[in-house]
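Q: For reference, this is protein_27.cif, and it has mmCIF, C-alpha atoms.
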data_input
#
loop_
_atom_site.group_PDB
_atom_site.id
_atom_site.type_symbol
_atom_site.label_atom_id
_atom_site.label_comp_id
_atom_site.auth_asym_id
_atom_site.auth_seq_id
_atom_site.Cartn_x
_atom_site.Cartn_y
_atom_site.Cartn_z
ATOM 1 C CA MET S 1040 -2.851 -25.486 -40.626
ATOM 2 C CA ILE S 1041 -0.308 -26.478 -37.990
ATOM 3 C CA GLN S 1042 -0.088 -23.673 -35.494
ATOM 4 C CA TYR S 1043 2.980 -23.518 -33.310
ATOM 5 C CA THR S 1044 2.591 -21.881 -29.909
ATOM 6 C CA GLU S 1045 5.385 -20.868 -27.564
ATOM 7 C CA SER S 1046 3.662 -22.798 -24.770
ATOM 8 C CA LEU S 1047 4.933 -26.022 -26.351
ATOM 9 C CA GLN S 1048 8.450 -25.033 -25.274
ATOM 10 C CA THR S 1049 10.085 -27.026 -28.043
ATOM 11 C CA GLY S 1050 13.576 -26.467 -29.368
ATOM 12 C CA SER S 1051 14.347 -24.206 -32.306
ATOM 13 C CA ALA S 1052 14.927 -27.207 -34.606
ATOM 14 C CA CYS S 1053 11.398 -28.396 -33.890
ATOM 15 C CA ARG S 1054 9.945 -24.921 -34.497
ATOM 16 C CA ARG S 1055 11.753 -24.783 -37.847
ATOM 17 C CA ALA S 1056 10.438 -28.253 -38.736
ATOM 18 C CA LEU S 1057 6.859 -27.197 -38.012
ATOM 19 C CA ALA S 1058 7.009 -23.790 -39.681
ATOM 20 C CA GLY S 1059 4.771 -23.626 -42.703
ATOM 21 C CA GLN S 1060 3.556 -27.224 -42.573
ATOM 22 C CA THR S 1061 -0.100 -28.014 -43.010
ATOM 23 C CA ALA S 1062 -1.632 -30.782 -40.910
ATOM 24 C CA VAL S 1063 -4.997 -30.741 -42.657
ATOM 25 C CA ARG S 1064 -5.547 -30.179 -46.365
ATOM 26 C CA GLN S 1065 -9.073 -29.454 -47.524
ATOM 27 C CA PHE S 1066 -10.520 -30.684 -50.798
ATOM 28 C CA GLN S 1067 -14.006 -30.873 -52.231
ATOM 29 C CA GLY S 1068 -15.958 -33.315 -50.104
ATOM 30 C CA GLY S 1069 -13.568 -33.553 -47.153
ATOM 31 C CA PHE S 1070 -10.014 -33.209 -45.979
ATOM 32 C CA ILE S 1071 -6.807 -35.187 -45.595
ATOM 33 C CA ILE S 1072 -4.687 -35.214 -42.449
ATOM 34 C CA ASN S 1073 -1.020 -35.082 -43.408
ATOM 35 C CA PHE S 1074 0.520 -37.597 -41.036
ATOM 36 C CA GLN S 1075 4.298 -37.794 -41.066
ATOM 37 C CA PRO S 1076 6.656 -40.547 -39.934
ATOM 38 C CA ILE S 1077 8.121 -40.168 -36.458
ATOM 39 C CA ARG S 1078 11.765 -39.054 -36.440
ATOM 40 C CA LEU S 1079 14.330 -38.646 -33.701
ATOM 41 C CA ALA S 1080 14.188 -34.883 -34.277
ATOM 42 C CA ASP S 1081 10.506 -34.997 -33.185
ATOM 43 C CA LYS S 1082 11.421 -35.981 -29.614
ATOM 44 C CA PRO S 1083 11.240 -32.429 -28.138
ATOM 45 C CA LEU S 1084 7.736 -31.975 -29.538
ATOM 46 C CA PHE S 1085 6.559 -35.361 -28.226
ATOM 47 C CA ASP S 1086 8.148 -34.694 -24.838
ATOM 48 C CA SER S 1087 6.308 -31.372 -24.562
ATOM 49 C CA PHE S 1088 2.995 -33.232 -24.873
ATOM 50 C CA LEU S 1089 3.892 -36.339 -22.877
ATOM 51 C CA ARG S 1090 5.128 -34.273 -19.904
ATOM 52 C CA LYS S 1091 1.755 -32.582 -19.420
ATOM 53 C CA ARG S 1092 0.141 -35.667 -17.878
ATOM 54 C CA ARG S 1093 1.189 -38.930 -16.260
ATOM 55 C CA TYR S 1094 0.951 -41.853 -18.687
ATOM 56 C CA GLU S 1095 1.481 -45.392 -17.436
ATOM 57 C CA ASN S 1096 0.869 -47.172 -20.740
ATOM 58 C CA ALA S 1097 4.021 -48.227 -22.622
ATOM 59 C CA HIS S 1098 2.441 -46.933 -25.866
ATOM 60 C CA PHE S 1099 2.735 -43.418 -24.470
ATOM 61 C CA SER S 1100 6.504 -43.107 -24.614
ATOM 62 C CA PHE S 1101 8.551 -41.477 -27.365
ATOM 63 C CA THR S 1102 11.208 -44.180 -27.003
ATOM 64 C CA ASN S 1103 8.746 -47.015 -27.654
ATOM 65 C CA LEU S 1104 6.970 -45.187 -30.477
ATOM 66 C CA PHE S 1105 10.300 -44.411 -32.136
ATOM 67 C CA MET S 1106 11.665 -47.924 -31.619
ATOM 68 C CA TRP S 1107 8.585 -49.542 -33.210
ATOM 69 C CA ARG S 1108 8.062 -46.887 -35.911
ATOM 70 C CA SER S 1109 8.841 -49.183 -38.839
ATOM 71 C CA GLY S 1110 7.001 -52.285 -37.681
ATOM 72 C CA PHE S 1111 3.860 -50.341 -36.716
ATOM 73 C CA GLN S 1112 4.102 -47.566 -39.319
ATOM 74 C CA VAL S 1113 3.942 -44.920 -36.575
ATOM 75 C CA GLU S 1114 3.019 -41.469 -37.881
ATOM 76 C CA TRP S 1115 1.901 -38.251 -36.236
ATOM 77 C CA ALA S 1116 0.117 -34.969 -36.920
ATOM 78 C CA LEU S 1117 -0.835 -31.931 -34.882
ATOM 79 C CA LEU S 1118 -4.522 -31.106 -34.937
ATOM 80 C CA GLY S 1119 -4.857 -27.811 -33.102
ATOM 81 C CA GLU S 1120 -3.424 -28.358 -29.615
ATOM 82 C CA GLN S 1121 -3.534 -32.174 -29.897
ATOM 83 C CA LEU S 1122 -0.705 -34.512 -30.891
ATOM 84 C CA CYS S 1123 -2.313 -37.367 -32.824
ATOM 85 C CA ILE S 1124 -0.595 -40.713 -33.431
ATOM 86 C CA ARG S 1125 -1.667 -43.124 -36.162
ATOM 87 C CA ALA S 1126 -0.227 -46.613 -36.557
ATOM 88 C CA ALA S 1127 -0.983 -49.877 -38.320
ATOM 89 C CA TRP S 1128 -0.359 -53.540 -37.699
ATOM 90 C CA ASP S 1129 -1.214 -56.404 -40.039
ATOM 91 C CA GLY S 1130 -3.419 -54.161 -42.190
ATOM 92 C CA GLU S 1131 -5.390 -52.674 -39.274
ATOM 93 C CA HIS S 1132 -5.027 -48.912 -38.862
ATOM 94 C CA TYR S 1133 -5.601 -47.353 -35.466
ATOM 95 C CA ILE S 1134 -4.896 -44.279 -33.382
ATOM 96 C CA LEU S 1135 -3.724 -43.683 -29.856
ATOM 97 C CA PRO S 1136 -5.802 -41.282 -27.778
ATOM 98 C CA PRO S 1137 -4.769 -37.705 -28.696
ATOM 99 C CA PHE S 1138 -2.135 -36.150 -26.452
ATOM 100 C CA GLY S 1139 -3.147 -32.761 -25.126
ATOM 101 C CA ALA S 1140 -5.503 -31.228 -22.606
ATOM 102 C CA PRO S 1141 -9.083 -32.544 -22.992
ATOM 103 C CA ASP S 1142 -10.395 -28.973 -22.898
ATOM 104 C CA GLN S 1143 -8.109 -27.841 -25.737
ATOM 105 C CA GLY S 1144 -9.823 -29.353 -28.746
ATOM 106 C CA MET S 1145 -9.578 -33.074 -28.027
ATOM 107 C CA GLY S 1146 -13.186 -33.627 -29.150
ATOM 108 C CA ASP S 1147 -12.564 -31.731 -32.396
ATOM 109 C CA ALA S 1148 -9.397 -33.755 -33.044
ATOM 110 C CA LEU S 1149 -11.278 -37.022 -32.487
ATOM 111 C CA ASP S 1150 -14.031 -35.852 -34.857
ATOM 112 C CA ARG S 1151 -11.434 -35.062 -37.537
ATOM 113 C CA LEU S 1152 -9.721 -38.417 -37.008
ATOM 114 C CA ALA S 1153 -13.057 -40.244 -37.289
ATOM 115 C CA GLU S 1154 -13.790 -38.431 -40.575
ATOM 116 C CA HIS S 1155 -10.271 -39.184 -41.836
ATOM 117 C CA PHE S 1156 -10.615 -42.887 -41.058
ATOM 118 C CA ALA S 1157 -14.070 -43.019 -42.662
ATOM 119 C CA ALA S 1158 -12.709 -41.354 -45.823
ATOM 120 C CA GLN S 1159 -10.034 -44.071 -45.999
ATOM 121 C CA GLY S 1160 -12.631 -46.819 -45.510
ATOM 122 C CA TRP S 1161 -11.171 -47.810 -42.133
ATOM 123 C CA PRO S 1162 -13.096 -48.271 -38.883
ATOM 124 C CA LEU S 1163 -11.954 -45.909 -36.147
ATOM 125 C CA VAL S 1164 -9.973 -48.023 -33.689
ATOM 126 C CA ILE S 1165 -8.446 -46.379 -30.610
ATOM 127 C CA ARG S 1166 -5.786 -48.434 -28.836
ATOM 128 C CA GLY S 1167 -4.344 -47.843 -25.404
ATOM 129 C CA ALA S 1168 -7.386 -45.937 -24.172
#
Is it possible to give me this structure as structure tokens?
A:
Amino acid sequence: MIQYTESLQTGSACRRALAGQTAVRQFQGGFIINFQPIRLADKPLFDSFLRKRRYENAHFSFTNLFMWRSGFQVEWALLGEQLCIRAAWDGEHYILPPFGAPDQGMGDALDRLAEHFAAQGWPLVIRGA
């Protein structure tokens, strides 16, 4: 379940967009992460994560992710306190390293992503790490 916390300091439109959404759906034998396409309205949420640390990689910018969203099929999901980005190019699916504090569930998010990729029959590829 997506859990919104006030510490994200996102705008009210973003809080409304996240209210009641489920990032992970369970089913017999596993789970599915409900990734959603990146939208301009998602910028406040992305900014709240990207401001927490200094990123020098061009992949780690809302503007670039948004600009290339169609060509790279950029999608996102919140797994606990981690913003997870999935993309694909030429049939290869991959993730960017989760955005969030390493001590706030990053390992759990990576475990879930690895299980998700395995369930899809994809190798877990992390780009920009």
Q: Go through S:Gln1075, S:Gln1159, S:Ser1109, S:Thr1102 one by one, measure the shortest atom-to-atom distance of each to Leu1089 in chain S using all atoms listed in the file, and give the residue with the smallest value.
A: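 The closest residue to Leu1089 in chain S is S:Thr1102.
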Q: Just the number, please: distance in Å from CA of Phe1156 in chain S to CA of Arg1090 in chain S, one decimal.
A: 27.7 Å
Q: Nearest to Gly1167 in chain S among S:Trp1115, S:Phe1088, S:Tyr1133, S:Phe1101, with distances taken over only C-alpha atoms: which residue is it?
A: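 Residue with the minimum atom-to-atom distance to Gly1167 in chain S: S:Tyr1133.
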Q: What does the distance between CA of Cys1123 in chain S and CA of Ala1158 in chain S come to in Å, to one decimal place?
A: 17.1 Å
Q: Which residues, named as in the file, does the PyMOL selection byres ((chain S and resi 1125) around 10) pick out? Answer as a PyMOL selection string.
A: chain S and resi 1074-1076+1111-1116+1123-1124+1126-1127+1132-1137+1152+1164-1166
Q: Could you dump the residues just selected with C-alpha atoms as a tab-separated table (two decimals), in the coordinates of the input?
A:
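What ended up in result09.tsv:
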chain	number	residue	atom	x	y	z
S	1074	PHE	CA	0.52	-37.60	-41.04
S	1075	GLN	CA	4.30	-37.79	-41.07
S	1076	PRO	CA	6.66	-40.55	-39.93
S	1111	PHE	CA	3.86	-50.34	-36.72
S	1112	GLN	CA	4.10	-47.57	-39.32
S	1113	VAL	CA	3.94	-44.92	-36.58
S	1114	GLU	CA	3.02	-41.47	-37.88
S	1115	TRP	CA	1.90	-38.25	-36.24
S	1116	ALA	CA	0.12	-34.97	-36.92
S	1123	CYS	CA	-2.31	-37.37	-32.82
S	1124	ILE	CA	-0.60	-40.71	-33.43
S	1126	ALA	CA	-0.23	-46.61	-36.56
S	1127	ALA	CA	-0.98	-49.88	-38.32
S	1132	HIS	CA	-5.03	-48.91	-38.86
S	1133	TYR	CA	-5.60	-47.35	-35.47
S	1134	ILE	CA	-4.90	-44.28	-33.38
S	1135	LEU	CA	-3.72	-43.68	-29.86
S	1136	PRO	CA	-5.80	-41.28	-27.78
S	1137	PRO	CA	-4.77	-37.70	-28.70
S	1152	LEU	CA	-9.72	-38.42	-37.01
S	1164	VAL	CA	-9.97	-48.02	-33.69
S	1165	ILE	CA	-8.45	-46.38	-30.61
S	1166	ARG	CA	-5.79	-48.43	-28.84
Q: Between S:Leu1149, S:Leu1117, S:Met1106, S:Leu1163, which is the closest to Glu1131 in chain S once you count only C-alpha atoms?
A: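 Answer, going by the shortest atom-to-atom distance: S:Leu1163.
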Q: Would you compute the distance between CA of Gln1121 in chain S and CA of Ile1071 in chain S? Give it in Å to one decimal.
A: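 Straight-line distance from CA of Gln1121 in chain S to CA of Ile1071 in chain S works out to 16.3 Å.
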Q: Here is a test: counting all atoms listed in the file, which residue of S:Trp1128, S:Trp1161, S:Phe1105, S:Phe1138 is nearest to Asp1081 in chain S?
A: S:Phe1105
Q: From the set S:Gly1130, S:Ser1087, S:Ala1097, S:Ala1080, which residue has the shortest atom-to-atom contact distance to Gly1110 in chain S, counting only C-alpha atoms?
A: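 Of the candidates, the smallest distance to Gly1110 in chain S is held by S:Gly1130.
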